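Data first, discussion second: the structure below is written as structure tokens.
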Amino acid sequence: MSLRDIHIPVLLDRCVELLAPALAHDGAVLVDATLGMGGHSEAFLERFPNIRLIGLDRDTDALRIAGERLAPFGDRVTLVHTVYDEIGLHAQGASAMLFDLGVSSLQLDEAGRGFAYSKDAPLDMRMDQTKGVTAAEVLATYSEGNLRRIFERYGEEKLAARYARFIVAARDERPLTRSGELVDLLIEATPAAAQRAGHPAKRVFQALRIEVNAELNVLADAIPAAMDALAIGGRIAVMSYQSLEDRLVKQAFAAAAASTAPAGLPVELPEHAPRFRILTKGAEQATEEERARNPRAIPVRLRAAEKIREAA
């Protein structure tokens, strides 16, 4: 089975439509800040034969797979092993930027990574397996209060306190090292009525993944850095898959698209004018047709903006 069959890029046509005006000139540079398996990048390289691509990813497996997929495009492609909050080091003057946030299809589908609660695997969850603490280490070393904090903050989990208490009690008997063990424990800890509201592990796994990879801290730094690095007339599109991500993107875009003139100033000075123009009306979602074809598009929220001037 080819990559085109197992990996369907989310909102591809809409992303192309939004970024196309910034990629129409020769020598335009697209930065794919979350390269993954390269599906979006491949499509852009095919549709815009005069652009160059800089692809960033912290996952070495993703870089290897995307490198093979994009090899036919030769020196039009540069791949970088990095976390995307370092985008400013690699993307100054870029024409367009694309962020496809969250866990990738590769990470979810590869059982050994521990991202999916439906598959028993070692509790790793690191997007970059070359460094950092694993989910198992978080479960083994965080206090009950800290576990509750991350489940509440990053998973918006109502049973955070109960789950944290069960985990601490269980680890006193033996370490939790596999996703299946954690899932069984969470099911045991969940009242029957709450189980009918969805899988008990969904929000806890999301919270652990975000904590292990510092995803929200990285995103909070990355979006402003990306907007600063864009060329005038450059465009940025960001796809989020949960409310915490989308809120950070919304706030960054809104701040850049607002006037900074003090209240009551009779004339807006140029240095107070908005730096960006919002291109989407709110957060756009996938069509019903795309959701049926690609279930991973169901939660997506897309926002885009265009840079209209540099900071003063």
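Please note that chains go A, B, ... in the order of the structure tokens, that every chain numbers its residues from 1, and that ligands are numbered from 1 in the order shown.
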
Which residues come within 10 Å of Gly180 (chain A), counting only C-alpha atoms, excluding same-chain residues fewer than 6 positions away, as an MDAnalysis selection string?
chainID A and resid 114 116:123 186

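Taking the backbone of this structure through DSSP, the residues of region 132-297 of chain A that come out as strand (DSSP E or B) are Arg178, Leu230, Ala231, Ile232, Gly233, Gly234, Arg235, Ile236, Ala237, Val238, Met239, Ser240, Phe276, Arg277, Ile278 and Glu284 of chain A.
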
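With distances restricted to only C-alpha atoms, A:Ala226 is the closest residue to Leu30 (chain A) from A:Ile150, A:Leu182, A:Ala66, A:Ala226.
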
DSSP alpha helix (DSSP H) selection over region 140-233 of chain A, as a ChimeraX atom specification
/A:140-141,144-155,160-171,179-189,192-195,202-213,215-229

Residues within 9 Å of Ala140 (chain A), please, as a ChimeraX atom specification. Count only C-alpha atoms; anything in the same chain fewer than 2 positions from it doesn't count.
/A:135-138,142-143,167-168,171,175-177

Near-region 158-165 of chain A list (7 Å; only C-alpha atoms; drop same-chain fewer than 3 positions) as a PyMOL selection string:
chain A and resi 144+147-148+151-152+168-169+186+189

Just the selected residues (N, CA, C and O atoms), exported as a compact mmCIF listing (two decimals), in the first residue's frame, please.
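What follows is the written file again.txt:
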# COMPACT_ATOMS: atom_id res chain seq x y z
N GLU A 144 0.93 13.23 42.59
CA GLU A 144 -0.49 13.14 42.31
C GLU A 144 -1.05 14.49 41.88
O GLU A 144 -1.86 14.58 40.94
N LEU A 147 0.04 15.24 38.24
CA LEU A 147 -0.73 14.43 37.29
C LEU A 147 -2.13 15.01 37.12
O LEU A 147 -2.63 15.13 36.00
N ARG A 148 -2.74 15.38 38.23
CA ARG A 148 -4.06 15.99 38.15
C ARG A 148 -4.01 17.27 37.31
O ARG A 148 -4.89 17.52 36.48
N PHE A 151 -3.77 16.50 33.55
CA PHE A 151 -5.01 15.92 33.03
C PHE A 151 -6.09 16.99 32.91
O PHE A 151 -6.88 16.99 31.97
N GLU A 152 -6.13 17.91 33.88
CA GLU A 152 -7.11 18.99 33.84
C GLU A 152 -6.78 20.00 32.76
O GLU A 152 -7.65 20.41 31.98
N VAL A 168 -1.35 6.80 41.05
CA VAL A 168 -0.36 6.80 42.12
C VAL A 168 -0.48 5.54 42.97
O VAL A 168 0.53 4.93 43.36
N ALA A 169 -1.70 5.10 43.24
CA ALA A 169 -1.90 3.88 44.01
C ALA A 169 -1.38 2.66 43.24
O ALA A 169 -0.74 1.76 43.82
N LEU A 186 -7.55 3.06 33.77
CA LEU A 186 -8.49 4.17 33.61
C LEU A 186 -9.93 3.67 33.48
O LEU A 186 -10.86 4.28 34.01
N ALA A 189 -11.10 2.87 36.85
CA ALA A 189 -11.31 4.07 37.68
C ALA A 189 -12.53 4.88 37.25
O ALA A 189 -12.93 5.81 37.96

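CA of Asp246 (chain A) is positioned 18.4 Å from CA of Leu208 (chain A).
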
Might you pull out every residue within 9 Å of region 131-133 of chain A, with only C-alpha atoms counted and same-chain residues fewer than 5 positions away left off, and present them as an MDAnalysis selection string?
chainID A and resid 124 126 138 212:213

Find the residues around region 91-97 of chain A up to 8 Å (only C-alpha atoms counted), leave out those fewer than 3 positions away in its own chain, and share them as an MDAnalysis selection string.
chainID A and resid 19 22:23 28:33 54 87:88 226 229:231 233:237

If you keep N, CA, C and O atoms, can you produce a file of those selected residues as a PDB file, in the first residue's frame?
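Generated file (out11.pdb):
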ATOM      1  N   LEU A  19      -3.031  29.531   0.502  1.00  0.00           N
ATOM      2  CA  LEU A  19      -1.608  29.889   0.397  1.00  0.00           C
ATOM      3  C   LEU A  19      -1.165  30.205  -1.026  1.00  0.00           C
ATOM      4  O   LEU A  19      -0.099  30.787  -1.223  1.00  0.00           O
ATOM      5  N   ALA A  22       0.468  33.577  -2.238  1.00  0.00           N
ATOM      6  CA  ALA A  22       1.818  33.861  -1.747  1.00  0.00           C
ATOM      7  C   ALA A  22       2.874  33.008  -2.434  1.00  0.00           C
ATOM      8  O   ALA A  22       4.076  33.260  -2.290  1.00  0.00           O
ATOM      9  N   LEU A  23       2.435  32.028  -3.211  1.00  0.00           N
ATOM     10  CA  LEU A  23       3.376  31.097  -3.853  1.00  0.00           C
ATOM     11  C   LEU A  23       3.405  31.253  -5.364  1.00  0.00           C
ATOM     12  O   LEU A  23       4.005  30.438  -6.062  1.00  0.00           O
ATOM     13  N   ALA A  28       9.460  31.386  -4.729  1.00  0.00           N
ATOM     14  CA  ALA A  28       8.691  31.386  -3.485  1.00  0.00           C
ATOM     15  C   ALA A  28       9.113  30.205  -2.616  1.00  0.00           C
ATOM     16  O   ALA A  28       9.463  29.129  -3.115  1.00  0.00           O
ATOM     17  N   VAL A  29       9.068  30.408  -1.300  1.00  0.00           N
ATOM     18  CA  VAL A  29       9.489  29.376  -0.350  1.00  0.00           C
ATOM     19  C   VAL A  29       8.322  29.033   0.567  1.00  0.00           C
ATOM     20  O   VAL A  29       7.769  29.910   1.234  1.00  0.00           O
ATOM     21  N   LEU A  30       7.953  27.761   0.580  1.00  0.00           N
ATOM     22  CA  LEU A  30       6.949  27.251   1.496  1.00  0.00           C
ATOM     23  C   LEU A  30       7.645  26.527   2.637  1.00  0.00           C
ATOM     24  O   LEU A  30       8.511  25.674   2.409  1.00  0.00           O
ATOM     25  N   VAL A  31       7.279  26.865   3.862  1.00  0.00           N
ATOM     26  CA  VAL A  31       7.785  26.162   5.036  1.00  0.00           C
ATOM     27  C   VAL A  31       6.674  25.279   5.581  1.00  0.00           C
ATOM     28  O   VAL A  31       5.628  25.783   6.004  1.00  0.00           O
ATOM     29  N   ASP A  32       6.880  23.977   5.518  1.00  0.00           N
ATOM     30  CA  ASP A  32       5.961  23.025   6.147  1.00  0.00           C
ATOM     31  C   ASP A  32       6.530  22.749   7.530  1.00  0.00           C
ATOM     32  O   ASP A  32       7.496  21.995   7.689  1.00  0.00           O
ATOM     33  N   ALA A  33       5.943  23.383   8.537  1.00  0.00           N
ATOM     34  CA  ALA A  33       6.513  23.336   9.886  1.00  0.00           C
ATOM     35  C   ALA A  33       6.255  22.014  10.590  1.00  0.00           C
ATOM     36  O   ALA A  33       6.871  21.738  11.623  1.00  0.00           O
ATOM     37  N   ILE A  54      10.893  24.040   2.550  1.00  0.00           N
ATOM     38  CA  ILE A  54      11.668  23.724   3.747  1.00  0.00           C
ATOM     39  C   ILE A  54      10.731  22.959   4.671  1.00  0.00           C
ATOM     40  O   ILE A  54       9.693  23.479   5.093  1.00  0.00           O
ATOM     41  N   ILE A  87      11.462  27.754  14.196  1.00  0.00           N
ATOM     42  CA  ILE A  87      11.167  28.085  12.804  1.00  0.00           C
ATOM     43  C   ILE A  87      11.862  29.369  12.366  1.00  0.00           C
ATOM     44  O   ILE A  87      12.260  29.511  11.203  1.00  0.00           O
ATOM     45  N   GLY A  88      12.047  30.303  13.280  1.00  0.00           N
ATOM     46  CA  GLY A  88      12.714  31.553  12.926  1.00  0.00           C
ATOM     47  C   GLY A  88      14.136  31.379  12.448  1.00  0.00           C
ATOM     48  O   GLY A  88      14.661  32.230  11.716  1.00  0.00           O
ATOM     49  N   ALA A 226       6.880  32.384  13.681  1.00  0.00           N
ATOM     50  CA  ALA A 226       6.582  32.158  12.264  1.00  0.00           C
ATOM     51  C   ALA A 226       6.033  33.423  11.617  1.00  0.00           C
ATOM     52  O   ALA A 226       6.419  33.790  10.496  1.00  0.00           O
ATOM     53  N   ALA A 229       8.738  35.845  10.921  1.00  0.00           N
ATOM     54  CA  ALA A 229       9.661  35.434   9.861  1.00  0.00           C
ATOM     55  C   ALA A 229       9.081  35.578   8.462  1.00  0.00           C
ATOM     56  O   ALA A 229       9.833  35.664   7.486  1.00  0.00           O
ATOM     57  N   LEU A 230       7.766  35.621   8.330  1.00  0.00           N
ATOM     58  CA  LEU A 230       7.137  35.725   7.011  1.00  0.00           C
ATOM     59  C   LEU A 230       7.534  37.015   6.288  1.00  0.00           C
ATOM     60  O   LEU A 230       7.710  38.062   6.910  1.00  0.00           O
ATOM     61  N   ALA A 231       7.631  36.906   4.984  1.00  0.00           N
ATOM     62  CA  ALA A 231       7.823  38.097   4.157  1.00  0.00           C
ATOM     63  C   ALA A 231       6.516  38.886   4.072  1.00  0.00           C
ATOM     64  O   ALA A 231       5.433  38.351   4.325  1.00  0.00           O
ATOM     65  N   GLY A 233       3.324  40.135   2.522  1.00  0.00           N
ATOM     66  CA  GLY A 233       2.504  39.423   1.544  1.00  0.00           C
ATOM     67  C   GLY A 233       2.504  37.925   1.762  1.00  0.00           C
ATOM     68  O   GLY A 233       1.774  37.200   1.075  1.00  0.00           O
ATOM     69  N   GLY A 234       3.310  37.463   2.714  1.00  0.00           N
ATOM     70  CA  GLY A 234       3.349  36.036   3.034  1.00  0.00           C
ATOM     71  C   GLY A 234       2.100  35.598   3.772  1.00  0.00           C
ATOM     72  O   GLY A 234       1.418  36.396   4.414  1.00  0.00           O
ATOM     73  N   ARG A 235       1.811  34.313   3.687  1.00  0.00           N
ATOM     74  CA  ARG A 235       0.594  33.777   4.303  1.00  0.00           C
ATOM     75  C   ARG A 235       0.929  32.585   5.198  1.00  0.00           C
ATOM     76  O   ARG A 235       1.856  31.825   4.910  1.00  0.00           O
ATOM     77  N   ILE A 236       0.129  32.437   6.250  1.00  0.00           N
ATOM     78  CA  ILE A 236       0.298  31.329   7.187  1.00  0.00           C
ATOM     79  C   ILE A 236      -1.049  30.649   7.390  1.00  0.00           C
ATOM     80  O   ILE A 236      -2.069  31.322   7.544  1.00  0.00           O
ATOM     81  N   ALA A 237      -1.050  29.318   7.359  1.00  0.00           N
ATOM     82  CA  ALA A 237      -2.249  28.523   7.609  1.00  0.00           C
ATOM     83  C   ALA A 237      -1.931  27.519   8.709  1.00  0.00           C
ATOM     84  O   ALA A 237      -0.894  26.860   8.669  1.00  0.00           O
TER      85      ALA A 237
END

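Using only C-alpha atoms, the residues found no farther than 9 Å from Gly36 (chain A), other than those of its own chain fewer than 6 positions away, are Gly55, Leu56, Asp57, Asp59, Asp61, Ala62, Leu63, Ile65, Ala66, Asp100, Ser104, Ser105, Leu106 and Gln107 of chain A.
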
Write the residues you've just listed into a file as a short mmCIF file (atom, residue, chain, number, x, y, z; two decimals), in the first residue's frame, and include C-alpha atoms for each of them.
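And here is the file that came out, part-v9.cif:
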data_model
loop_
_atom_site.label_atom_id
_atom_site.label_comp_id
_atom_site.auth_asym_id
_atom_site.auth_seq_id
_atom_site.Cartn_x
_atom_site.Cartn_y
_atom_site.Cartn_z
CA GLY A 55 10.22 20.86 5.78
CA LEU A 56 10.58 20.75 9.55
CA ASP A 57 9.87 17.85 11.88
CA ASP A 59 10.31 12.99 14.35
CA ASP A 61 10.96 8.50 11.28
CA ALA A 62 8.79 11.15 9.64
CA LEU A 63 11.80 12.86 8.10
CA ILE A 65 9.65 8.67 5.14
CA ALA A 66 9.00 12.18 3.83
CA ASP A 100 -0.69 20.73 10.77
CA SER A 104 0.59 12.64 13.05
CA SER A 105 -0.92 9.69 11.20
CA LEU A 106 2.49 8.02 11.34
CA GLN A 107 2.72 8.33 15.11
#

Do you have, as JSON lines, the list of residues of region 183-294 of chain A lying at most 8 Å from region 80-84 of chain A, each with its nearest atom pair and that distance in Å to one decimal, counting only C-alpha atoms and ordered by chain then number?
{"residue": "A:Val218", "atom": "CA", "partner": "A:Tyr84", "partner_atom": "CA", "distance": 7.3}
{"residue": "A:Leu219", "atom": "CA", "partner": "A:Tyr84", "partner_atom": "CA", "distance": 7.9}
{"residue": "A:Ala222", "atom": "CA", "partner": "A:Tyr84", "partner_atom": "CA", "distance": 6.1}

Would you mind exporting N, CA and C atoms of the selected residues as a tab-separated table (two decimals), in the first residue's frame?
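Ended up saving to result31.tsv:
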chain	number	residue	atom	x	y	z
A	218	VAL	N	5.56	24.95	23.08
A	218	VAL	CA	6.24	25.08	21.79
A	218	VAL	C	5.37	25.89	20.82
A	219	LEU	N	4.07	25.59	20.79
A	219	LEU	CA	3.17	26.28	19.88
A	219	LEU	C	3.07	27.77	20.22
A	222	ALA	N	6.03	29.23	18.75
A	222	ALA	CA	6.23	29.02	17.31
A	222	ALA	C	5.39	29.93	16.44

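Using only C-alpha atoms, the shortest contact distance between Glu17 (chain A) and any of A:Phe48, A:Asp109, A:Ala261, A:Arg76 is found at A:Phe48.
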